[in-house]
There are 2 protein chains.
Amino acid sequence: MLAESCPLPTGLDRRLREQLTFIVEIDRLKTVLRASPLAAADRRENDAEHSWHLAMMVLLLAEYADRPIDVGHTVQLVLVHDLVEVYAGDTPLYDAAARVGQEAREQAAADRLFALLPADQGARLRALWNEFEARTTPEAMFAKALDRLQPMLLNWMSDGGTWRTYGATADEVLHRTAAIGEASSALGDAVRTIVGEAEQRGWTRTSA
Amino acid sequence: MLAESCPLPTGLDRRLREQLTFIVEIDRLKTVLRASPLAAADRRENDAEHSWHLAMMVLLLAEYADRPIDVGHTVQLVLVHDLVEVYAGDTPLYDAAARVGQEAREQAAADRLFALLPADQGARLRALWNEFEARTTPEAMFAKALDRLQPMLLNWMSDGGTWRTYGATADEVLHRTAAIGEASSALGDAVRTIVGEAEQRGWTRTSA
């Protein structure tokens with residue numbers, strides 16, 4: 001735990017001290033690198049940046065959800081959706097090998113991470129994370145759609161990004177990002193336009 | 001504009017294309033460095049990471065607001081509070097020289113940035129930014145309090161961080177972070193505990 005190296009003052013109220021210790025601990029999310037390249041700099045994105053970007057996308061694109069969503073709740077889902085990666089690490093979408101054991105790793109990370117919080121708040125954050133993962137509520141479906149759409153924009157801005165890194169075909173990209181069209185027909189249409197254009201430019205791998 | 005180097009497909013619906021172009025543009029926030037050092041790595045924090053961290057703090061610390069706040073709205077305020085820095089840059093809290101002309105720089109940046117969006121959304125984001133800056137609603141007061149508290153935690157984790165960088169005295173730290181106690185007496189108490197302990201450890205400058 002990060003705060004073990006420099007514990008917060010013991011004079012703090014116990015509940016608040018646990019909360020602040022957790023807040024320090026999740027600073028680690030800023031060091032978890034994703035496969036996606038930034039549009040604005042020549043380096044990979046990290047999970048904290050990605051989570052902020054998704055939250056902004058909720059504010060700007062909520063109007064495209066096919067079923068009405070609670071914007072504030074959807075924002076909460078995307079803020080916490082990658083938290084367990086502080087211990088479990090990121091699993092790139094097109095990296096089949098990395099995906100083996102992902103769920104067990106993330107459940108173990110969730111057990112460890114959320115236990116740092118006062119019980120009521122740990123349970124609340126875990127419920128948000130479970131809701132995102134289960135992808136059954138309109139909010140969770142839309143959050144997952146944006147989680148798929150955001151890296152597509154970064155790939156677009158870097159002449160193919162992870163589509164090239166992992167040699168994905170246009171069909172594979174459409175298959176892996178199907179969650180977008182399932183939550184929003186308008187965004188699903190946009191994805192087909194973007195992937196079609198990316199394929200024409202040679203940014204996706206041509207099927208054998 | 002970032003997307004000028006690689007415009008999104010013209011086949012996209014015009015409104016959506018403007019929104020996605022804006023979403024690409026704000027990728028720049030990930031490259032705006034703050035003075036604060038991370039707790040989890042040996043580098044400075046950027047604005048996108050900071051904004052995500054504040055949003056998490058809203059979810060976890062809302063219970064300490066002296067006046068009731070709408071959590072979802074407060075999260076929106078912190079998500080957009082630093083957006084104009086994509087053009088205006090960051091202004092460190094303890095850097096008096098950098099603060100000269102800050103407001104004019106940020107207003108000009110806001111004019112330029114929010115104009116990229118469809119008018120209704122540009123107006124909505126600007127209103128959120130204005131509300132944060134005016135700091136009169138309970139939500140804006142609490143958001144500003146967290147904006148002051150978060151770097152204190154990072155300073156704590158790095159044996160003084162920007163308190164040392166800028167040679168701030170304990171009194172100056174308490175003065176510059178007074179917004180915390182104005183929004184939350186409990187968090188204001190915590191700040192006095194933290195700064196008192198930091199002073200004892202020699203992390204703040206001793207007054208002449």
# chains A, B, ... in the order shown; residues from 1 in each chain; ligands from 1
$ residues_around --residues "region 7-23 of chain B" --least-positions-apart "2" --cutoff "8 Å" --atoms "only C-alpha atoms" --output "list in words"
His53, Met56, Met57, Leu60, Leu61, Leu153, Trp156, Ala190, Thr193, Ile194 and Glu197 of chain A; Ala3, Glu4, Ser5, Glu25, Ile26, Asp27, Leu116, Leu117 and Pro118 of chain B
$ write_last_selection --atoms "all heavy atoms" --output "compact mmCIF listing (two decimals), in the first residue's frame"
# COMPACT_ATOMS: atom_id res chain seq x y z
N HIS A 53 -11.21 10.74 -19.64
CA HIS A 53 -11.69 10.97 -21.00
C HIS A 53 -13.08 10.35 -21.21
O HIS A 53 -13.97 10.96 -21.80
CB HIS A 53 -10.67 10.38 -21.99
CG HIS A 53 -10.50 11.19 -23.24
ND1 HIS A 53 -9.47 11.00 -24.12
CD2 HIS A 53 -11.25 12.18 -23.80
CE1 HIS A 53 -9.58 11.84 -25.14
NE2 HIS A 53 -10.65 12.56 -24.96
N MET A 56 -15.76 12.51 -19.62
CA MET A 56 -16.10 13.63 -20.48
C MET A 56 -16.99 13.18 -21.64
O MET A 56 -17.92 13.89 -22.05
CB MET A 56 -14.83 14.28 -21.04
CG MET A 56 -14.03 15.11 -20.05
SD MET A 56 -14.99 16.48 -19.32
CE MET A 56 -15.57 17.33 -20.80
N MET A 57 -16.72 12.01 -22.16
CA MET A 57 -17.54 11.49 -23.27
C MET A 57 -18.97 11.22 -22.82
O MET A 57 -19.91 11.39 -23.60
CB MET A 57 -16.89 10.24 -23.87
CG MET A 57 -15.60 10.56 -24.62
SD MET A 57 -14.70 9.08 -25.18
CE MET A 57 -15.75 8.53 -26.55
N LEU A 60 -20.79 14.43 -23.01
CA LEU A 60 -20.98 14.97 -24.35
C LEU A 60 -21.82 14.09 -25.26
O LEU A 60 -22.43 14.59 -26.21
CB LEU A 60 -19.61 15.21 -24.99
CG LEU A 60 -18.80 16.33 -24.31
CD1 LEU A 60 -17.33 16.27 -24.73
CD2 LEU A 60 -19.41 17.69 -24.64
N LEU A 61 -21.85 12.79 -25.00
CA LEU A 61 -22.50 11.87 -25.94
C LEU A 61 -23.72 11.16 -25.38
O LEU A 61 -24.30 10.31 -26.06
CB LEU A 61 -21.48 10.83 -26.44
CG LEU A 61 -20.21 11.37 -27.11
CD1 LEU A 61 -19.28 10.23 -27.51
CD2 LEU A 61 -20.56 12.24 -28.33
N LEU A 153 -10.94 6.40 -31.30
CA LEU A 153 -10.57 7.77 -31.68
C LEU A 153 -9.05 7.95 -31.60
O LEU A 153 -8.44 8.60 -32.45
CB LEU A 153 -11.28 8.79 -30.77
CG LEU A 153 -12.80 8.80 -30.88
CD1 LEU A 153 -13.40 9.74 -29.83
CD2 LEU A 153 -13.25 9.22 -32.28
N TRP A 156 -7.53 6.19 -34.52
CA TRP A 156 -7.74 7.02 -35.71
C TRP A 156 -6.65 8.11 -35.80
O TRP A 156 -6.08 8.35 -36.86
CB TRP A 156 -9.12 7.67 -35.69
CG TRP A 156 -9.34 8.60 -36.84
CD1 TRP A 156 -9.07 9.95 -36.87
CD2 TRP A 156 -9.81 8.27 -38.14
NE1 TRP A 156 -9.36 10.47 -38.10
CE2 TRP A 156 -9.82 9.46 -38.90
CE3 TRP A 156 -10.24 7.07 -38.74
CZ2 TRP A 156 -10.24 9.49 -40.24
CZ3 TRP A 156 -10.67 7.11 -40.07
CH2 TRP A 156 -10.66 8.30 -40.80
N ALA A 190 -21.61 5.37 -36.62
CA ALA A 190 -20.37 6.13 -36.71
C ALA A 190 -19.16 5.20 -36.74
O ALA A 190 -18.21 5.43 -37.49
CB ALA A 190 -20.26 7.11 -35.54
N THR A 193 -18.62 3.75 -40.10
CA THR A 193 -18.01 4.76 -40.98
C THR A 193 -16.51 4.87 -40.72
O THR A 193 -15.70 4.89 -41.67
CB THR A 193 -18.68 6.13 -40.75
OG1 THR A 193 -20.08 6.00 -41.05
CG2 THR A 193 -18.06 7.21 -41.63
N ILE A 194 -16.16 4.94 -39.45
CA ILE A 194 -14.75 5.12 -39.09
C ILE A 194 -13.91 3.89 -39.49
O ILE A 194 -12.84 4.01 -40.08
CB ILE A 194 -14.62 5.40 -37.57
CG1 ILE A 194 -15.20 6.79 -37.25
CG2 ILE A 194 -13.18 5.29 -37.09
CD1 ILE A 194 -15.36 7.10 -35.77
N GLU A 197 -13.46 3.57 -43.26
CA GLU A 197 -12.43 4.51 -43.75
C GLU A 197 -11.03 4.04 -43.34
O GLU A 197 -10.08 4.15 -44.13
CB GLU A 197 -12.73 5.90 -43.18
CG GLU A 197 -11.77 6.98 -43.58
CD GLU A 197 -11.95 7.46 -45.03
OE1 GLU A 197 -13.04 7.29 -45.60
OE2 GLU A 197 -10.97 7.99 -45.57
N ALA B 3 -7.30 17.45 -34.43
CA ALA B 3 -7.93 16.66 -35.50
C ALA B 3 -7.67 17.25 -36.88
O ALA B 3 -8.00 16.62 -37.88
CB ALA B 3 -9.43 16.51 -35.24
N GLU B 4 -7.06 18.43 -36.94
CA GLU B 4 -6.70 18.96 -38.26
C GLU B 4 -5.65 18.10 -38.95
O GLU B 4 -5.61 18.01 -40.18
CB GLU B 4 -6.18 20.40 -38.14
CG GLU B 4 -7.31 21.43 -38.13
CD GLU B 4 -6.85 22.81 -37.68
OE1 GLU B 4 -5.73 22.93 -37.14
OE2 GLU B 4 -7.63 23.75 -37.85
N SER B 5 -4.80 17.46 -38.14
CA SER B 5 -3.76 16.62 -38.73
C SER B 5 -4.34 15.34 -39.31
O SER B 5 -3.71 14.68 -40.13
CB SER B 5 -2.69 16.29 -37.69
OG SER B 5 -3.22 15.39 -36.73
N GLU B 25 -9.66 16.77 -29.24
CA GLU B 25 -8.90 17.97 -28.88
C GLU B 25 -8.51 17.98 -27.41
O GLU B 25 -7.39 18.36 -27.04
CB GLU B 25 -9.71 19.23 -29.22
CG GLU B 25 -8.99 20.55 -28.97
CD GLU B 25 -7.83 20.79 -29.91
OE1 GLU B 25 -7.57 19.95 -30.80
OE2 GLU B 25 -7.17 21.84 -29.77
N ILE B 26 -9.43 17.57 -26.54
CA ILE B 26 -9.14 17.65 -25.10
C ILE B 26 -8.18 16.55 -24.65
O ILE B 26 -7.78 16.52 -23.49
CB ILE B 26 -10.42 17.65 -24.24
CG1 ILE B 26 -11.23 16.38 -24.41
CG2 ILE B 26 -11.26 18.91 -24.55
CD1 ILE B 26 -12.43 16.28 -23.47
N ASP B 27 -7.77 15.69 -25.58
CA ASP B 27 -6.67 14.76 -25.26
C ASP B 27 -5.45 15.54 -24.78
O ASP B 27 -4.62 15.02 -24.04
CB ASP B 27 -6.32 13.94 -26.51
CG ASP B 27 -5.61 12.63 -26.17
OD1 ASP B 27 -6.21 11.80 -25.49
OD2 ASP B 27 -4.44 12.46 -26.58
N LEU B 116 -15.60 24.99 -30.21
CA LEU B 116 -15.47 23.79 -31.05
C LEU B 116 -16.72 22.92 -30.99
O LEU B 116 -17.00 22.14 -31.89
CB LEU B 116 -14.27 22.94 -30.62
CG LEU B 116 -12.89 23.59 -30.71
CD1 LEU B 116 -11.82 22.63 -30.19
CD2 LEU B 116 -12.58 23.99 -32.15
N LEU B 117 -17.47 23.05 -29.90
CA LEU B 117 -18.64 22.19 -29.68
C LEU B 117 -19.89 22.78 -30.33
O LEU B 117 -19.95 23.99 -30.58
CB LEU B 117 -18.90 22.07 -28.17
CG LEU B 117 -18.07 21.07 -27.39
CD1 LEU B 117 -18.34 21.24 -25.89
CD2 LEU B 117 -18.40 19.63 -27.82
N PRO B 118 -20.90 21.95 -30.60
CA PRO B 118 -22.21 22.50 -30.94
C PRO B 118 -22.61 23.53 -29.87
O PRO B 118 -22.30 23.33 -28.68
CB PRO B 118 -23.14 21.27 -30.88
CG PRO B 118 -22.24 20.11 -31.14
CD PRO B 118 -20.90 20.48 -30.56
$ residues_around --residues "Trp163 (chain B)" --least-positions-apart "6" --cutoff "9 Å" --atoms "only C-alpha atoms" --output "list in words"
Tyr94, Met152, Asn155, Thr169, Ala170, Val173, Trp203, Thr204 and Arg205 of chain B
$ interface_residues --of "chain A" --to "chain B" --cutoff "6 Å" --atoms "only C-alpha atoms" --output "MDAnalysis selection string"
chainID A and resid 27:28 40 48:49 52 72
$ closest_residue --among "B:Val100, B:Leu93, B:Asp171, B:Gly161" --to "Arg43 (chain B)" --atoms "only C-alpha atoms"
B:Gly161
$ residues_around --residues "Thr137 (chain B)" --least-positions-apart "6" --cutoff "10 Å" --atoms "only C-alpha atoms" --output "ChimeraX atom specification"
/B:67,69,74,131,143
$ select_by_dssp --residues "region 12-162 of chain B" --states "strand (DSSP E or B)" --output "list of chain:residue names"
B:Leu33, B:Arg34, B:Ala35, B:Ser36, B:Pro37, B:Arg44, B:Glu45, B:Asn46
$ write_last_selection --atoms "N, CA, C and O atoms" --output "compact mmCIF listing (two decimals), in the first residue's frame"
# COMPACT_ATOMS: atom_id res chain seq x y z
N LEU B 33 1.20 19.57 -17.66
CA LEU B 33 1.79 19.13 -16.39
C LEU B 33 1.50 20.11 -15.27
O LEU B 33 1.55 21.32 -15.44
N ARG B 34 1.21 19.57 -14.10
CA ARG B 34 1.03 20.34 -12.88
C ARG B 34 2.36 20.33 -12.10
O ARG B 34 3.27 19.59 -12.43
N ALA B 35 2.41 21.15 -11.08
CA ALA B 35 3.62 21.16 -10.25
C ALA B 35 3.69 19.91 -9.35
O ALA B 35 4.77 19.45 -8.98
N SER B 36 2.54 19.34 -9.03
CA SER B 36 2.49 18.25 -8.04
C SER B 36 3.17 16.97 -8.52
O SER B 36 2.96 16.54 -9.65
N PRO B 37 3.94 16.34 -7.63
CA PRO B 37 4.51 15.03 -7.95
C PRO B 37 3.50 13.93 -7.66
O PRO B 37 2.72 14.02 -6.72
N ARG B 44 5.76 14.31 -12.54
CA ARG B 44 4.69 15.23 -12.20
C ARG B 44 3.35 14.73 -12.73
O ARG B 44 3.27 13.95 -13.68
N GLU B 45 2.32 15.19 -12.07
CA GLU B 45 0.96 14.83 -12.46
C GLU B 45 0.50 15.68 -13.63
O GLU B 45 0.95 16.82 -13.78
N ASN B 46 -0.39 15.15 -14.47
CA ASN B 46 -1.01 16.00 -15.49
C ASN B 46 -2.47 16.28 -15.15
O ASN B 46 -3.05 15.67 -14.24
$ closest_residue --among "A:Ala88, A:Leu113, A:Ala104, A:Ala96" --to "Arg126 (chain A)" --atoms "only C-alpha atoms"
A:Leu113
$ closest_residue --among "A:Leu149, A:Pro68, A:Glu63, A:Tyr166" --to "Ala97 (chain A)" --atoms "only C-alpha atoms"
A:Tyr166
$ select_by_dssp --residues "region 12-198 of chain B" --states "alpha helix (DSSP H)" --output "PyMOL selection string"
chain B and resi 14-25+47-61+71-80+85-88+96-99+102-114+119-134+138-157+161-165+170-176+178-183+185-198
$ residues_around --residues "Ala108 (chain B)" --least-positions-apart "4" --cutoff "12 Å" --atoms "only C-alpha atoms" --output "list of chain:residue names"
B:Val84, B:Glu85, B:Val86, B:Tyr87, B:Ala88, B:Gly89, B:Gly101, B:Gln102, B:Glu103, B:Ala104, B:Arg112, B:Leu113, B:Phe114, B:Ala115
$ write_last_selection --atoms "N, CA, C and O atoms" --output "PDB file, in the first residue's frame"
ATOM      1  N   VAL B  84      -9.830  24.438 -19.729  1.00  0.00           N
ATOM      2  CA  VAL B  84      -9.275  25.568 -20.488  1.00  0.00           C
ATOM      3  C   VAL B  84      -7.745  25.544 -20.477  1.00  0.00           C
ATOM      4  O   VAL B  84      -7.109  26.225 -21.286  1.00  0.00           O
ATOM      5  N   GLU B  85      -7.161  24.754 -19.594  1.00  0.00           N
ATOM      6  CA  GLU B  85      -5.698  24.673 -19.543  1.00  0.00           C
ATOM      7  C   GLU B  85      -5.108  23.947 -20.749  1.00  0.00           C
ATOM      8  O   GLU B  85      -3.886  23.967 -20.936  1.00  0.00           O
ATOM      9  N   VAL B  86      -5.958  23.323 -21.573  1.00  0.00           N
ATOM     10  CA  VAL B  86      -5.423  22.745 -22.822  1.00  0.00           C
ATOM     11  C   VAL B  86      -4.771  23.840 -23.658  1.00  0.00           C
ATOM     12  O   VAL B  86      -3.835  23.584 -24.416  1.00  0.00           O
ATOM     13  N   TYR B  87      -5.254  25.079 -23.533  1.00  0.00           N
ATOM     14  CA  TYR B  87      -4.631  26.205 -24.244  1.00  0.00           C
ATOM     15  C   TYR B  87      -3.912  27.162 -23.283  1.00  0.00           C
ATOM     16  O   TYR B  87      -2.927  27.788 -23.667  1.00  0.00           O
ATOM     17  N   ALA B  88      -4.419  27.316 -22.046  1.00  0.00           N
ATOM     18  CA  ALA B  88      -3.879  28.335 -21.130  1.00  0.00           C
ATOM     19  C   ALA B  88      -2.741  27.815 -20.260  1.00  0.00           C
ATOM     20  O   ALA B  88      -2.018  28.605 -19.655  1.00  0.00           O
ATOM     21  N   GLY B  89      -2.568  26.503 -20.186  1.00  0.00           N
ATOM     22  CA  GLY B  89      -1.524  25.932 -19.334  1.00  0.00           C
ATOM     23  C   GLY B  89      -1.911  25.967 -17.864  1.00  0.00           C
ATOM     24  O   GLY B  89      -2.887  26.631 -17.470  1.00  0.00           O
ATOM     25  N   GLY B 101      -2.040  37.582 -14.975  1.00  0.00           N
ATOM     26  CA  GLY B 101      -2.701  37.427 -16.276  1.00  0.00           C
ATOM     27  C   GLY B 101      -3.440  36.114 -16.446  1.00  0.00           C
ATOM     28  O   GLY B 101      -3.984  35.827 -17.504  1.00  0.00           O
ATOM     29  N   GLN B 102      -3.488  35.328 -15.367  1.00  0.00           N
ATOM     30  CA  GLN B 102      -4.117  34.002 -15.462  1.00  0.00           C
ATOM     31  C   GLN B 102      -5.573  34.073 -15.936  1.00  0.00           C
ATOM     32  O   GLN B 102      -5.984  33.333 -16.829  1.00  0.00           O
ATOM     33  N   GLU B 103      -6.337  35.009 -15.361  1.00  0.00           N
ATOM     34  CA  GLU B 103      -7.764  35.031 -15.685  1.00  0.00           C
ATOM     35  C   GLU B 103      -8.001  35.371 -17.152  1.00  0.00           C
ATOM     36  O   GLU B 103      -8.815  34.724 -17.825  1.00  0.00           O
ATOM     37  N   ALA B 104      -7.273  36.361 -17.658  1.00  0.00           N
ATOM     38  CA  ALA B 104      -7.441  36.741 -19.070  1.00  0.00           C
ATOM     39  C   ALA B 104      -7.043  35.583 -19.987  1.00  0.00           C
ATOM     40  O   ALA B 104      -7.725  35.292 -20.975  1.00  0.00           O
ATOM     41  N   ARG B 112     -12.017  29.985 -27.159  1.00  0.00           N
ATOM     42  CA  ARG B 112     -11.519  29.177 -28.264  1.00  0.00           C
ATOM     43  C   ARG B 112     -11.978  27.719 -28.139  1.00  0.00           C
ATOM     44  O   ARG B 112     -12.430  27.109 -29.116  1.00  0.00           O
ATOM     45  N   LEU B 113     -11.868  27.178 -26.945  1.00  0.00           N
ATOM     46  CA  LEU B 113     -12.142  25.745 -26.755  1.00  0.00           C
ATOM     47  C   LEU B 113     -13.627  25.418 -26.894  1.00  0.00           C
ATOM     48  O   LEU B 113     -14.012  24.510 -27.635  1.00  0.00           O
ATOM     49  N   PHE B 114     -14.467  26.135 -26.187  1.00  0.00           N
ATOM     50  CA  PHE B 114     -15.877  25.759 -26.154  1.00  0.00           C
ATOM     51  C   PHE B 114     -16.570  26.043 -27.482  1.00  0.00           C
ATOM     52  O   PHE B 114     -17.631  25.479 -27.777  1.00  0.00           O
ATOM     53  N   ALA B 115     -15.955  26.902 -28.315  1.00  0.00           N
ATOM     54  CA  ALA B 115     -16.517  27.177 -29.648  1.00  0.00           C
ATOM     55  C   ALA B 115     -16.417  25.965 -30.575  1.00  0.00           C
ATOM     56  O   ALA B 115     -17.082  25.922 -31.617  1.00  0.00           O
TER      57      ALA B 115
END
$ atom_distance --atom1 "CA of Ala183 (chain A)" --atom2 "CA of Ala145 (chain A)"
6.4 Å
